[in-house]
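Trainee: This is upload-v1.cif, which holds mmCIF, C-alpha atoms:
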data_upload
#
loop_
_atom_site.label_atom_id
_atom_site.label_comp_id
_atom_site.auth_asym_id
_atom_site.auth_seq_id
_atom_site.Cartn_x
_atom_site.Cartn_y
_atom_site.Cartn_z
CA MET D 18 6.55 2.93 -36.98
CA MET D 19 4.97 6.41 -37.26
CA LYS D 20 1.71 5.02 -38.67
CA ASP D 21 1.15 3.15 -35.39
CA PHE D 22 1.25 6.31 -33.25
CA PHE D 23 -1.71 7.03 -31.05
CA LYS D 24 -3.77 3.90 -31.42
CA VAL D 25 -5.30 4.98 -28.14
CA MET D 26 -5.95 2.30 -25.52
CA ASP D 27 -8.23 2.42 -22.48
CA ILE D 28 -6.66 2.84 -19.06
CA GLU D 29 -8.09 -0.47 -17.85
CA ALA D 30 -6.70 -2.31 -20.87
CA VAL D 31 -3.25 -0.84 -20.27
CA THR D 32 -3.33 -1.74 -16.58
CA ALA D 33 -4.34 -5.31 -17.42
CA LEU D 34 -1.08 -5.73 -19.36
CA ARG D 35 0.89 -5.86 -16.11
CA ALA D 36 -0.05 -9.51 -15.72
CA GLY D 37 2.26 -10.26 -18.66
CA PHE D 38 5.36 -9.15 -16.79
CA PRO D 39 7.28 -11.18 -14.18
CA THR D 40 7.89 -10.01 -10.65
CA ALA D 41 11.26 -8.63 -9.62
CA GLY D 42 12.31 -11.84 -7.85
CA GLU D 43 12.47 -12.93 -4.22
CA GLU D 44 14.81 -12.70 -1.25
CA THR D 45 14.90 -13.69 2.42
CA VAL D 46 15.12 -10.87 4.97
CA PRO D 47 14.93 -10.54 8.78
CA VAL D 48 11.46 -9.82 10.12
CA LEU D 49 12.65 -6.44 11.44
CA GLU D 50 13.32 -5.40 7.82
CA THR D 51 9.98 -6.49 6.36
CA LEU D 52 7.89 -3.33 6.87
CA ASP D 53 6.00 -2.53 3.63
CA ARG D 54 7.56 -5.52 1.87
CA ILE D 55 5.37 -8.05 0.04
CA LEU D 56 5.25 -11.66 1.21
CA ALA D 57 6.58 -14.18 -1.30
CA GLU D 58 5.35 -17.15 0.73
CA ALA D 59 2.17 -18.11 2.51
CA ILE D 60 2.61 -18.15 6.28
CA VAL D 61 1.02 -21.24 7.87
CA SER D 62 0.88 -21.53 11.65
CA ASP D 63 2.77 -24.50 13.06
CA ILE D 64 1.33 -23.89 16.53
CA ASP D 65 -1.93 -22.93 18.17
CA LEU D 66 -1.73 -19.23 18.98
CA PRO D 67 -1.85 -18.86 21.89
CA ASP D 68 -0.99 -22.43 22.79
CA PHE D 69 -2.60 -22.21 26.25
CA ARG D 70 -5.67 -20.63 27.85
CA ARG D 71 -4.71 -17.26 29.26
CA ALA D 72 -6.27 -14.52 31.37
CA THR D 73 -7.04 -11.14 29.85
CA MET D 74 -7.55 -9.46 33.22
CA ASP D 75 -5.95 -9.37 36.67
CA GLY D 76 -8.24 -11.27 39.02
CA TYR D 77 -9.16 -14.81 39.99
CA ALA D 78 -9.36 -17.93 37.81
CA VAL D 79 -12.61 -19.74 38.67
CA ARG D 80 -15.15 -22.24 37.50
CA ALA D 81 -17.83 -19.95 36.07
CA GLY D 82 -20.60 -22.05 37.58
CA ALA D 83 -19.39 -21.18 41.08
CA THR D 84 -20.24 -17.50 40.47
CA PHE D 85 -23.72 -17.87 39.00
CA GLY D 86 -26.18 -15.62 40.82
CA ALA D 87 -23.48 -13.60 42.56
CA SER D 88 -24.39 -9.96 43.24
CA ASP D 89 -23.58 -7.10 45.61
CA GLY D 90 -26.30 -8.30 47.96
CA ALA D 91 -25.52 -11.98 47.67
CA PRO D 92 -21.84 -12.52 46.88
CA ALA D 93 -20.33 -15.93 46.12
CA CYS D 94 -17.74 -17.04 48.65
CA LEU D 95 -14.76 -18.90 47.17
CA THR D 96 -11.67 -20.51 48.66
CA VAL D 97 -8.39 -19.19 47.27
CA ARG D 98 -6.14 -21.97 46.06
CA GLY D 99 -2.72 -20.57 45.31
CA THR D 100 -1.34 -17.89 43.01
CA ILE D 101 -0.39 -18.28 39.33
CA ARG D 102 2.65 -16.24 38.40
CA MET D 103 3.37 -14.98 34.90
CA GLY D 104 5.21 -17.47 32.73
CA GLU D 105 4.64 -20.49 34.95
CA VAL D 106 2.53 -23.61 34.47
CA PRO D 107 0.04 -24.06 37.38
CA GLY D 108 0.83 -27.13 39.46
CA PHE D 109 -2.71 -27.47 40.75
CA ALA D 110 -6.32 -27.52 39.58
CA VAL D 111 -9.26 -25.32 40.57
CA GLY D 112 -12.21 -27.27 41.90
CA PRO D 113 -15.84 -26.30 42.64
CA GLY D 114 -16.01 -23.33 44.99
CA GLU D 115 -12.32 -22.53 44.49
CA ALA D 116 -10.37 -19.68 42.90
CA SER D 117 -6.77 -18.90 42.06
CA ARG D 118 -5.07 -15.52 41.91
CA ILE D 119 -3.96 -14.77 38.33
CA SER D 120 -2.43 -11.87 36.39
CA THR D 121 -3.15 -10.72 32.84
CA GLY D 122 -1.55 -13.20 30.45
CA GLY D 123 -1.29 -15.92 33.07
CA MET D 124 -2.09 -19.56 32.22
CA LEU D 125 -5.42 -20.83 33.53
CA PRO D 126 -5.16 -23.91 35.78
CA GLU D 127 -7.06 -27.09 35.12
CA GLY D 128 -10.71 -26.78 36.09
CA ALA D 129 -10.92 -23.00 35.60
CA ASP D 130 -12.88 -21.66 32.63
CA ALA D 131 -13.26 -17.94 33.44
CA VAL D 132 -11.60 -15.04 35.22
CA VAL D 133 -13.32 -12.67 37.67
CA MET D 134 -11.93 -9.14 37.52
CA ILE D 135 -10.22 -8.19 40.77
CA GLU D 136 -12.46 -5.11 40.97
CA ARG D 137 -15.49 -7.42 41.34
CA THR D 138 -14.06 -9.19 44.37
CA GLU D 139 -13.13 -8.52 47.97
CA SER D 140 -10.55 -10.45 49.94
CA LEU D 141 -11.82 -11.59 53.35
CA ASP D 142 -8.47 -13.12 54.33
CA ASP D 143 -5.62 -15.05 52.70
CA THR D 144 -7.90 -17.99 51.90
CA LEU D 145 -11.35 -16.51 51.19
CA ILE D 146 -12.77 -14.00 48.67
CA GLU D 147 -16.25 -12.72 47.94
CA VAL D 148 -17.31 -12.38 44.28
CA TYR D 149 -19.92 -9.70 43.54
CA LYS D 150 -20.60 -10.39 39.84
CA SER D 151 -21.10 -13.63 38.00
CA VAL D 152 -19.01 -14.56 34.96
CA ALA D 153 -19.82 -16.76 31.99
CA PRO D 154 -17.59 -19.58 30.76
CA GLY D 155 -14.78 -18.08 28.67
CA GLU D 156 -15.21 -14.57 30.09
CA ASN D 157 -11.92 -12.64 30.37
CA VAL D 158 -10.11 -15.63 28.85
CA VAL D 159 -8.34 -16.18 25.52
CA GLU D 160 -8.71 -19.81 24.49
CA ALA D 161 -5.87 -21.86 23.07
CA GLY D 162 -5.83 -21.35 19.30
CA GLU D 163 -8.29 -18.47 19.45
CA ASP D 164 -5.95 -16.27 17.40
CA PHE D 165 -4.80 -18.94 14.93
CA ARG D 166 -5.05 -22.72 14.80
CA ILE D 167 -2.20 -25.04 13.90
CA GLY D 168 -2.24 -25.57 10.12
CA GLU D 169 -4.18 -22.36 9.47
CA THR D 170 -2.96 -19.97 6.76
CA VAL D 171 -2.17 -16.81 8.69
CA LEU D 172 -0.89 -14.58 5.87
CA ASP D 173 -1.27 -15.07 2.12
CA ARG D 174 1.48 -14.72 -0.45
CA GLY D 175 1.30 -11.29 -2.07
CA ARG D 176 0.23 -9.46 1.10
CA ARG D 177 1.86 -6.22 2.19
CA ILE D 178 3.54 -6.46 5.59
CA ARG D 179 2.44 -3.84 8.10
CA PRO D 180 3.53 -3.58 11.75
CA GLN D 181 0.70 -5.93 12.76
CA GLU D 182 1.89 -8.59 10.30
CA MET D 183 5.41 -8.20 11.72
CA GLY D 184 3.88 -8.95 15.11
CA VAL D 185 2.19 -12.12 13.84
CA LEU D 186 5.44 -13.33 12.27
CA SER D 187 7.27 -12.83 15.54
CA ALA D 188 4.48 -14.62 17.47
CA LEU D 189 5.03 -17.61 15.19
CA GLY D 190 8.76 -17.56 15.86
CA ARG D 191 9.75 -16.43 12.36
CA GLU D 192 13.12 -14.68 12.43
CA THR D 193 13.29 -14.38 8.64
CA VAL D 194 10.69 -14.44 5.90
CA ARG D 195 10.63 -14.73 2.12
CA VAL D 196 9.60 -11.48 0.39
CA PHE D 197 9.60 -10.10 -3.12
CA ARG D 198 12.50 -7.86 -4.08
CA ARG D 199 11.77 -4.18 -4.41
CA PRO D 200 11.81 -3.47 -8.14
CA VAL D 201 14.59 -1.20 -9.37
CA VAL D 202 13.12 1.51 -11.60
CA GLY D 203 15.46 3.34 -13.96
CA ILE D 204 14.60 7.01 -14.53
CA VAL D 205 15.78 8.90 -17.62
CA SER D 206 14.98 12.54 -18.46
CA THR D 207 15.31 13.66 -22.06
CA GLY D 208 15.49 17.01 -23.82
CA ASP D 209 18.02 19.65 -24.77
CA GLU D 210 16.01 22.14 -22.73
CA ILE D 211 16.55 20.25 -19.45
CA VAL D 212 19.42 21.24 -17.14
CA PRO D 213 20.55 19.79 -13.77
CA ILE D 214 18.92 21.34 -10.72
CA HIS D 215 22.17 22.92 -9.48
CA GLN D 216 22.36 25.05 -12.63
CA VAL D 217 20.57 28.32 -13.24
CA PRO D 218 18.73 27.67 -16.49
CA SER D 219 19.36 30.06 -19.34
CA GLN D 220 16.45 31.46 -21.31
CA GLY D 221 14.42 28.69 -22.94
CA ARG D 222 15.61 26.00 -20.54
CA ILE D 223 14.20 24.50 -17.33
CA ARG D 224 15.54 22.47 -14.42
CA ASP D 225 15.06 18.70 -14.31
CA ILE D 226 11.84 18.28 -12.33
CA ASN D 227 10.70 14.86 -13.54
CA THR D 228 13.72 12.93 -12.27
CA TYR D 229 13.04 14.01 -8.70
CA SER D 230 9.26 13.84 -8.68
CA LEU D 231 9.25 10.42 -10.35
CA ALA D 232 11.91 9.16 -7.93
CA GLY D 233 9.63 10.13 -5.07
CA TRP D 234 6.62 8.43 -6.64
CA VAL D 235 8.66 5.27 -7.31
CA ARG D 236 9.86 5.09 -3.73
CA ARG D 237 6.37 5.65 -2.37
CA ALA D 238 5.05 2.86 -4.62
CA GLY D 239 7.58 0.41 -3.17
CA GLY D 240 10.30 0.60 -5.81
CA ILE D 241 13.93 1.69 -5.75
CA PRO D 242 14.66 4.61 -8.11
CA LYS D 243 17.88 4.45 -10.10
CA ILE D 244 18.77 7.76 -11.72
CA TYR D 245 20.37 7.90 -15.18
CA GLY D 246 20.40 11.67 -15.52
CA ILE D 247 19.57 13.95 -18.42
CA VAL D 248 20.01 12.73 -21.99
CA PRO D 249 20.18 15.28 -24.84
CA ASP D 250 18.04 14.97 -27.95
CA ARG D 251 20.48 12.73 -29.78
CA PRO D 252 19.33 9.23 -30.76
CA GLU D 253 22.67 7.57 -30.10
CA ALA D 254 22.92 9.04 -26.59
CA LEU D 255 19.35 8.04 -25.69
CA LEU D 256 19.86 4.53 -27.09
CA ALA D 257 23.03 3.99 -25.05
CA THR D 258 21.39 5.21 -21.82
CA CYS D 259 18.22 3.19 -22.36
CA ARG D 260 20.21 0.06 -23.13
CA GLN D 261 22.11 0.47 -19.84
CA ALA D 262 18.97 1.29 -17.85
CA SER D 263 17.10 -1.68 -19.27
CA ALA D 264 19.95 -4.03 -18.38
CA GLU D 265 20.24 -2.73 -14.80
CA SER D 266 16.58 -2.15 -13.88
CA ASP D 267 13.32 -4.04 -13.55
CA MET D 268 11.42 -1.17 -15.18
CA VAL D 269 12.46 1.97 -17.06
CA LEU D 270 10.76 5.39 -17.12
CA VAL D 271 11.78 7.84 -19.85
CA SER D 272 10.16 11.24 -19.47
CA GLY D 273 9.84 13.36 -22.59
CA GLY D 274 10.00 12.25 -26.19
CA SER D 275 6.72 10.33 -26.27
CA SER D 276 4.68 12.61 -28.54
CA VAL D 277 4.83 12.90 -32.32
CA GLY D 278 7.57 15.32 -33.27
CA THR D 279 10.77 15.56 -35.22
CA ARG D 280 12.90 15.55 -32.07
CA ASP D 281 11.02 12.83 -30.16
CA PHE D 282 13.17 9.73 -30.26
CA THR D 283 11.75 7.47 -27.56
CA ILE D 284 9.67 5.29 -29.88
CA GLU D 285 12.56 4.85 -32.31
CA THR D 286 14.91 4.08 -29.43
CA ILE D 287 12.60 1.37 -28.13
CA ALA D 288 12.45 -0.21 -31.57
CA SER D 289 16.26 -0.31 -31.61
CA LEU D 290 16.57 -2.09 -28.26
CA PRO D 291 16.98 -5.89 -28.27
CA ARG D 292 13.84 -8.00 -27.78
CA SER D 293 11.57 -4.95 -27.78
CA GLU D 294 7.87 -4.66 -28.53
CA VAL D 295 5.71 -1.55 -28.32
CA LEU D 296 2.47 -2.49 -26.55
CA VAL D 297 0.84 0.92 -26.16
CA HIS D 298 1.37 4.31 -27.75
CA GLY D 299 -1.45 6.51 -26.65
CA VAL D 300 -3.78 6.18 -23.67
CA SER D 301 -7.28 7.64 -23.38
CA ILE D 302 -6.31 9.80 -20.41
CA SER D 303 -5.96 13.52 -19.89
CA PRO D 304 -3.45 14.72 -19.06
CA GLY D 305 -1.01 12.14 -20.42
CA LYS D 306 -2.35 10.82 -23.72
CA PRO D 307 1.07 10.39 -25.45
CA THR D 308 2.20 7.59 -23.13
CA ILE D 309 4.24 4.65 -24.39
CA LEU D 310 4.44 1.19 -22.87
CA ALA D 311 6.81 -1.37 -24.34
CA ARG D 312 8.21 -4.73 -23.36
CA VAL D 313 12.01 -4.66 -23.55
CA ASP D 314 13.80 -7.89 -22.73
CA GLY D 315 10.70 -8.97 -20.79
CA LYS D 316 10.54 -5.77 -18.69
CA PRO D 317 8.12 -2.83 -18.79
CA PHE D 318 9.58 0.23 -20.48
CA TRP D 319 7.65 3.50 -20.32
CA GLY D 320 7.77 6.66 -22.34
CA LEU D 321 6.09 9.30 -20.19
CA PRO D 322 5.06 12.81 -21.22
CA GLY D 323 7.62 15.49 -20.54
CA HIS D 324 5.11 17.86 -18.96
CA VAL D 325 5.52 17.41 -15.21
CA THR D 326 1.84 17.19 -14.28
CA SER D 327 1.09 14.77 -17.10
CA ALA D 328 3.97 12.54 -16.04
CA MET D 329 2.80 12.47 -12.41
CA VAL D 330 -0.85 11.79 -13.26
CA VAL D 331 0.10 8.96 -15.62
CA PHE D 332 2.39 7.51 -12.96
CA THR D 333 -0.30 7.67 -10.27
CA VAL D 334 -3.04 6.13 -12.41
CA ILE D 335 -1.21 3.68 -14.68
CA VAL D 336 2.45 3.12 -13.77
CA ARG D 337 2.02 2.63 -10.03
CA PRO D 338 -0.04 -0.59 -10.44
CA PHE D 339 2.81 -2.01 -12.55
CA ILE D 340 5.31 -1.34 -9.75
CA HIS D 341 2.93 -3.00 -7.29
CA HIS D 342 2.79 -6.02 -9.60
CA LEU D 343 6.58 -6.20 -9.99
CA ALA D 344 6.87 -5.95 -6.21
CA GLY D 345 4.61 -9.00 -5.82
CA LEU D 346 1.52 -7.28 -4.40
CA SER D 347 -1.56 -9.35 -5.14
CA GLU D 348 -4.54 -7.60 -6.70
CA ALA D 349 -6.63 -8.66 -3.69
CA SER D 350 -4.25 -6.70 -1.44
CA GLU D 351 -4.03 -3.65 -3.70
CA THR D 352 -6.41 -1.20 -2.07
CA ILE D 353 -6.96 2.21 -3.63
CA TRP D 354 -8.48 4.46 -0.99
CA THR D 355 -10.84 7.20 -2.09
CA ILE D 356 -12.53 10.03 -0.22
CA PRO D 357 -16.20 10.83 -1.00
CA ALA D 358 -16.68 14.53 -1.68
CA ARG D 359 -18.77 17.01 -3.66
CA ILE D 360 -17.32 19.07 -6.49
CA THR D 361 -17.48 22.81 -5.86
CA ARG D 362 -18.12 24.03 -9.42
CA ASN D 363 -19.34 22.97 -12.85
CA LEU D 364 -16.58 21.11 -14.66
CA PRO D 365 -16.73 20.36 -18.40
CA SER D 366 -15.00 17.33 -19.89
CA ALA D 367 -14.34 16.12 -23.43
CA GLN D 368 -15.91 12.77 -24.29
CA GLY D 369 -13.74 9.93 -25.57
CA ARG D 370 -11.12 10.15 -22.84
CA VAL D 371 -10.85 9.86 -19.07
CA ASP D 372 -10.06 13.17 -17.43
CA TYR D 373 -8.20 13.36 -14.15
CA VAL D 374 -8.80 16.67 -12.42
CA ARG D 375 -6.56 17.87 -9.61
CA VAL D 376 -8.59 18.99 -6.60
CA ARG D 377 -8.05 20.56 -3.21
CA LEU D 378 -10.08 19.18 -0.30
CA SER D 379 -11.82 21.16 2.42
CA ARG D 380 -14.51 20.44 5.01
CA ASP D 381 -17.90 22.14 4.86
CA GLN D 382 -20.81 21.26 7.15
CA GLY D 383 -19.45 17.83 7.90
CA GLU D 384 -18.59 16.72 4.35
CA TRP D 385 -15.60 17.00 2.05
CA ARG D 386 -15.64 19.53 -0.78
CA ALA D 387 -13.38 19.07 -3.82
CA SER D 388 -12.28 22.33 -5.46
CA PRO D 389 -10.66 21.89 -8.91
CA VAL D 390 -7.09 23.17 -9.24
CA LEU D 391 -7.04 24.22 -12.87
CA GLY D 392 -3.96 24.79 -14.98
CA LYS D 393 -1.96 23.50 -17.92
CA SER D 394 -0.13 20.19 -17.70
CA GLY D 395 3.27 21.89 -17.67
CA LEU D 396 2.50 23.74 -14.44
CA ILE D 397 3.65 21.93 -11.31
CA HIS D 398 1.69 24.21 -8.97
CA THR D 399 -1.48 22.29 -9.85
CA MET D 400 0.00 19.16 -8.27
CA VAL D 401 1.57 21.02 -5.33
CA LYS D 402 -1.77 22.60 -4.41
CA ALA D 403 -3.81 19.45 -5.04
CA ASP D 404 -4.78 16.90 -2.40
CA GLY D 405 -6.09 14.33 -4.87
CA LEU D 406 -7.47 13.42 -8.27
CA VAL D 407 -11.07 13.17 -9.45
CA ARG D 408 -11.81 10.89 -12.39
CA ILE D 409 -14.33 11.94 -15.05
CA ASP D 410 -15.15 8.93 -17.21
CA ARG D 411 -14.83 9.03 -20.98
CA ASP D 412 -18.57 8.98 -21.74
CA VAL D 413 -19.38 11.79 -19.29
CA GLU D 414 -19.65 15.36 -20.59
CA GLY D 415 -18.66 16.84 -17.27
CA LEU D 416 -19.68 17.34 -13.67
CA GLU D 417 -22.25 19.71 -12.24
CA LYS D 418 -21.62 21.70 -9.11
CA ASP D 419 -22.29 19.65 -5.93
CA ALA D 420 -22.11 16.34 -7.85
CA PRO D 421 -20.73 13.49 -5.69
CA VAL D 422 -17.17 12.45 -6.63
CA GLU D 423 -14.53 10.04 -5.34
CA VAL D 424 -11.16 11.65 -4.67
CA THR D 425 -8.02 9.53 -4.97
CA PRO D 426 -5.53 11.04 -2.50
CA LEU D 427 -2.13 12.10 -3.81
#
Reformat the file's structure so that it appears as structure tokens.
Mentor:
Amino acid sequence: MMKDFFKVMDIEAVTALRAGFPTAGEETVPVLETLDRILAEAIVSDIDLPDFRRATMDGYAVRAGATFGASDGAPACLTVRGTIRMGEVPGFAVGPGEASRISTGGMLPEGADAVVMIERTESLDDTLIEVYKSVAPGENVVEAGEDFRIGETVLDRGRRIRPQEMGVLSALGRETVRVFRRPVVGIVSTGDEIVPIHQVPSQGRIRDINTYSLAGWVRRAGGIPKIYGIVPDRPEALLATCRQASAESDMVLVSGGSSVGTRDFTIETIASLPRSEVLVHGVSISPGKPTILARVDGKPFWGLPGHVTSAMVVFTVIVRPFIHHLAGLSEASETIWTIPARITRNLPSAQGRVDYVRVRLSRDQGEWRASPVLGKSGLIHTMVKADGLVRIDRDVEGLEKDAPVEVTPL
């Protein structure tokens, strides 16, 4: 097994492996509980939306032709034929030279094809109005089916549901909808030097940071963190915990124990798990090179670096897309937002790997400036102070001051 260590793989090649894993399954939930969930079905409209012509303004429903040429000096005079109340079907039609009072959202009567804003009219009496501005056919009107037509695919499978998608589902009368389950992600911290956060660490020991930071990242990515605590550097203890985590989770993250060392047992533990296969041991990324990805019983199983910054960078760049995949998010819907900025100083980089530099953002003369937050991968302050990450590609020797960069927000 040791001879296979650090056959380094490109980030893109590692990310592409997610397609080989199944999603976390599906479930049906009420629409009110769908925010940030991923659709597991395509939503096809079974109605025209709206299913009637409706006014978008308070005013008068008219035949547009009756207003042509109307102006302040030469208004059109129309006969008022009734009032259309909200939620009712008009029991009359509007003929040439006629108008009907209508409120926003009201159904246009037969014969009407436009709405004149009430501000552009003046009532002469209960039966006559003057119109001071002409309207075109369809003006201030939403046509039947203008939002969506019957039989039209409204939302694709694999799309993230935002408040606006919740609105569409309710407009179509959907009380429940099929979504992908949120993947359960088991989190294991390893190392004799790690102590629970309620303890004051003795000399040579540190509190368990990775469990809590990774739990936050998992939740933000759409997963459900499941904590398995701290496991000492004993192979039998790690094997028992990983076997339980693998059985109870859709993905497992083990932080620590992924580098080459006499007390690093993650790779041996993976080999001892049933139906296991190591896919990656070493990624061309800094920080975070000693990252493991395995398939255990058909599920992704990660060995992440123990250094807190390395673990968080690897999660952000590589692990997060796997959680999105398990959660059913389609690649077409997976948008990674970046902020264009300029780097504030010269920044060297070693070729042969992709460097991710933590940066702080500030505004200067109308543009974003990205100031590197330098520090070793075991120092969490570099992530606390950072607003985002800047990628330096593997064949680039570095960045010069004021070079344009794309910042991926943290």
Trainee: Which residue, D:Val336, D:Ile287, D:Val212, D:Leu427, has the smallest gap to D:Val235 when you use all atoms listed in the file?
Mentor: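 Using all atoms listed in the file, D:Val235 sits closest to D:Val336.
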Trainee: Quick one: residues within 10 Å of D:Leu231, only C-alpha atoms counted, chain neighbours fewer than 4 positions away excluded, as a count of residues only?
Mentor: 17
Trainee: Can you turn the PyMOL selection byres ((chain D and resi 395) around 10) into a concrete residue list for this file, as a PyMOL selection string?
Mentor: chain D and resi 304+322-328+392-394+396-399
Trainee: Could you name the residues that touch stretch 369-382 of chain D at 10 Å or less, counting only C-alpha atoms, but leaving out those on the same chain fewer than 4 positions away, as a VMD selection string?
Mentor: chain D and resid 25 to 28 300 to 306 326 to 327 330 to 331 334 356 358 to 361 364 to 365 386 to 392 399 to 415 424 to 427
Trainee: If we count only C-alpha atoms, what is near stretch 29-32 of chain D at a cut-off of 8 Å, once residues fewer than 4 positions away on the same chain are taken out, given as a PDB file with C-alpha atoms, in the coordinates of the input?
Mentor:
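File produced: result_12.pdb:
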ATOM      1  CA  VAL D 297       0.840   0.920 -26.160  1.00  0.00           C
ATOM      2  CA  VAL D 300      -3.780   6.180 -23.670  1.00  0.00           C
ATOM      3  CA  ILE D 335      -1.210   3.680 -14.680  1.00  0.00           C
ATOM      4  CA  PRO D 338      -0.040  -0.590 -10.440  1.00  0.00           C
ATOM      5  CA  PHE D 339       2.810  -2.010 -12.550  1.00  0.00           C
TER       6      PHE D 339
END
Trainee: Between atom CA of D:Leu290 and atom CA of D:Ser206, what distance in Å does the model show, to one decimal?
Mentor: 17.7 Å
Trainee: Go ahead and compute the interatomic distance for atom CA of D:Arg199 and atom CA of D:Arg174, in Å to one decimal.
Mentor: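 Between atom CA of D:Arg199 and atom CA of D:Arg174 the gap is 15.3 Å.
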Trainee: Emit stretch 145-151 of chain D of the structure in the block as a file comprising all heavy atoms, as a PDB file, in the first residue's frame.
Mentor:
ATOM      1  N   LEU D 145     -69.231  58.218 -18.048  1.00  0.00           N
ATOM      2  CA  LEU D 145     -68.286  58.698 -19.057  1.00  0.00           C
ATOM      3  C   LEU D 145     -66.923  58.996 -18.442  1.00  0.00           C
ATOM      4  O   LEU D 145     -66.825  59.510 -17.320  1.00  0.00           O
ATOM      5  CB  LEU D 145     -68.823  59.969 -19.735  1.00  0.00           C
ATOM      6  CG  LEU D 145     -70.009  59.827 -20.671  1.00  0.00           C
ATOM      7  CD1 LEU D 145     -70.464  61.209 -21.150  1.00  0.00           C
ATOM      8  CD2 LEU D 145     -69.674  58.932 -21.858  1.00  0.00           C
ATOM      9  N   ILE D 146     -65.848  58.649 -19.191  1.00  0.00           N
ATOM     10  CA  ILE D 146     -64.484  59.027 -18.807  1.00  0.00           C
ATOM     11  C   ILE D 146     -63.773  59.617 -20.009  1.00  0.00           C
ATOM     12  O   ILE D 146     -64.134  59.351 -21.164  1.00  0.00           O
ATOM     13  CB  ILE D 146     -63.660  57.829 -18.286  1.00  0.00           C
ATOM     14  CG1 ILE D 146     -63.507  56.758 -19.380  1.00  0.00           C
ATOM     15  CG2 ILE D 146     -64.226  57.265 -16.997  1.00  0.00           C
ATOM     16  CD1 ILE D 146     -62.478  55.706 -19.042  1.00  0.00           C
ATOM     17  N   GLU D 147     -62.789  60.461 -19.741  1.00  0.00           N
ATOM     18  CA  GLU D 147     -61.889  60.937 -20.781  1.00  0.00           C
ATOM     19  C   GLU D 147     -60.535  60.271 -20.595  1.00  0.00           C
ATOM     20  O   GLU D 147     -60.040  60.139 -19.471  1.00  0.00           O
ATOM     21  CB  GLU D 147     -61.744  62.459 -20.723  1.00  0.00           C
ATOM     22  CG  GLU D 147     -62.978  63.204 -21.214  1.00  0.00           C
ATOM     23  CD  GLU D 147     -62.787  64.707 -21.259  1.00  0.00           C
ATOM     24  OE1 GLU D 147     -61.922  65.216 -20.500  1.00  0.00           O
ATOM     25  OE2 GLU D 147     -63.484  65.368 -22.052  1.00  0.00           O
ATOM     26  N   VAL D 148     -59.936  59.813 -21.693  1.00  0.00           N
ATOM     27  CA  VAL D 148     -58.635  59.147 -21.685  1.00  0.00           C
ATOM     28  C   VAL D 148     -57.635  60.080 -22.355  1.00  0.00           C
ATOM     29  O   VAL D 148     -57.846  60.528 -23.487  1.00  0.00           O
ATOM     30  CB  VAL D 148     -58.694  57.797 -22.430  1.00  0.00           C
ATOM     31  CG1 VAL D 148     -57.316  57.158 -22.486  1.00  0.00           C
ATOM     32  CG2 VAL D 148     -59.705  56.877 -21.757  1.00  0.00           C
ATOM     33  N   TYR D 149     -56.522  60.383 -21.636  1.00  0.00           N
ATOM     34  CA  TYR D 149     -55.566  61.374 -22.115  1.00  0.00           C
ATOM     35  C   TYR D 149     -54.280  60.766 -22.693  1.00  0.00           C
ATOM     36  O   TYR D 149     -53.370  61.505 -23.044  1.00  0.00           O
ATOM     37  CB  TYR D 149     -55.202  62.332 -20.976  1.00  0.00           C
ATOM     38  CG  TYR D 149     -56.377  63.119 -20.483  1.00  0.00           C
ATOM     39  CD1 TYR D 149     -57.050  62.746 -19.319  1.00  0.00           C
ATOM     40  CD2 TYR D 149     -56.845  64.219 -21.179  1.00  0.00           C
ATOM     41  CE1 TYR D 149     -58.148  63.457 -18.869  1.00  0.00           C
ATOM     42  CE2 TYR D 149     -57.949  64.944 -20.739  1.00  0.00           C
ATOM     43  CZ  TYR D 149     -58.595  64.553 -19.583  1.00  0.00           C
ATOM     44  OH  TYR D 149     -59.678  65.255 -19.143  1.00  0.00           O
ATOM     45  N   LYS D 150     -54.212  59.459 -22.791  1.00  0.00           N
ATOM     46  CA  LYS D 150     -53.024  58.809 -23.366  1.00  0.00           C
ATOM     47  C   LYS D 150     -53.445  57.516 -24.021  1.00  0.00           C
ATOM     48  O   LYS D 150     -54.197  56.727 -23.434  1.00  0.00           O
ATOM     49  CB  LYS D 150     -51.962  58.516 -22.295  1.00  0.00           C
ATOM     50  CG  LYS D 150     -50.641  57.997 -22.834  1.00  0.00           C
ATOM     51  CD  LYS D 150     -49.631  57.810 -21.714  1.00  0.00           C
ATOM     52  CE  LYS D 150     -48.275  57.401 -22.251  1.00  0.00           C
ATOM     53  NZ  LYS D 150     -48.293  56.141 -23.004  1.00  0.00           N
ATOM     54  N   SER D 151     -52.980  57.292 -25.227  1.00  0.00           N
ATOM     55  CA  SER D 151     -53.345  56.062 -25.918  1.00  0.00           C
ATOM     56  C   SER D 151     -52.575  54.881 -25.355  1.00  0.00           C
ATOM     57  O   SER D 151     -51.500  55.028 -24.762  1.00  0.00           O
ATOM     58  CB  SER D 151     -53.055  56.194 -27.423  1.00  0.00           C
ATOM     59  OG  SER D 151     -51.664  56.349 -27.644  1.00  0.00           O
TER      60      SER D 151
END
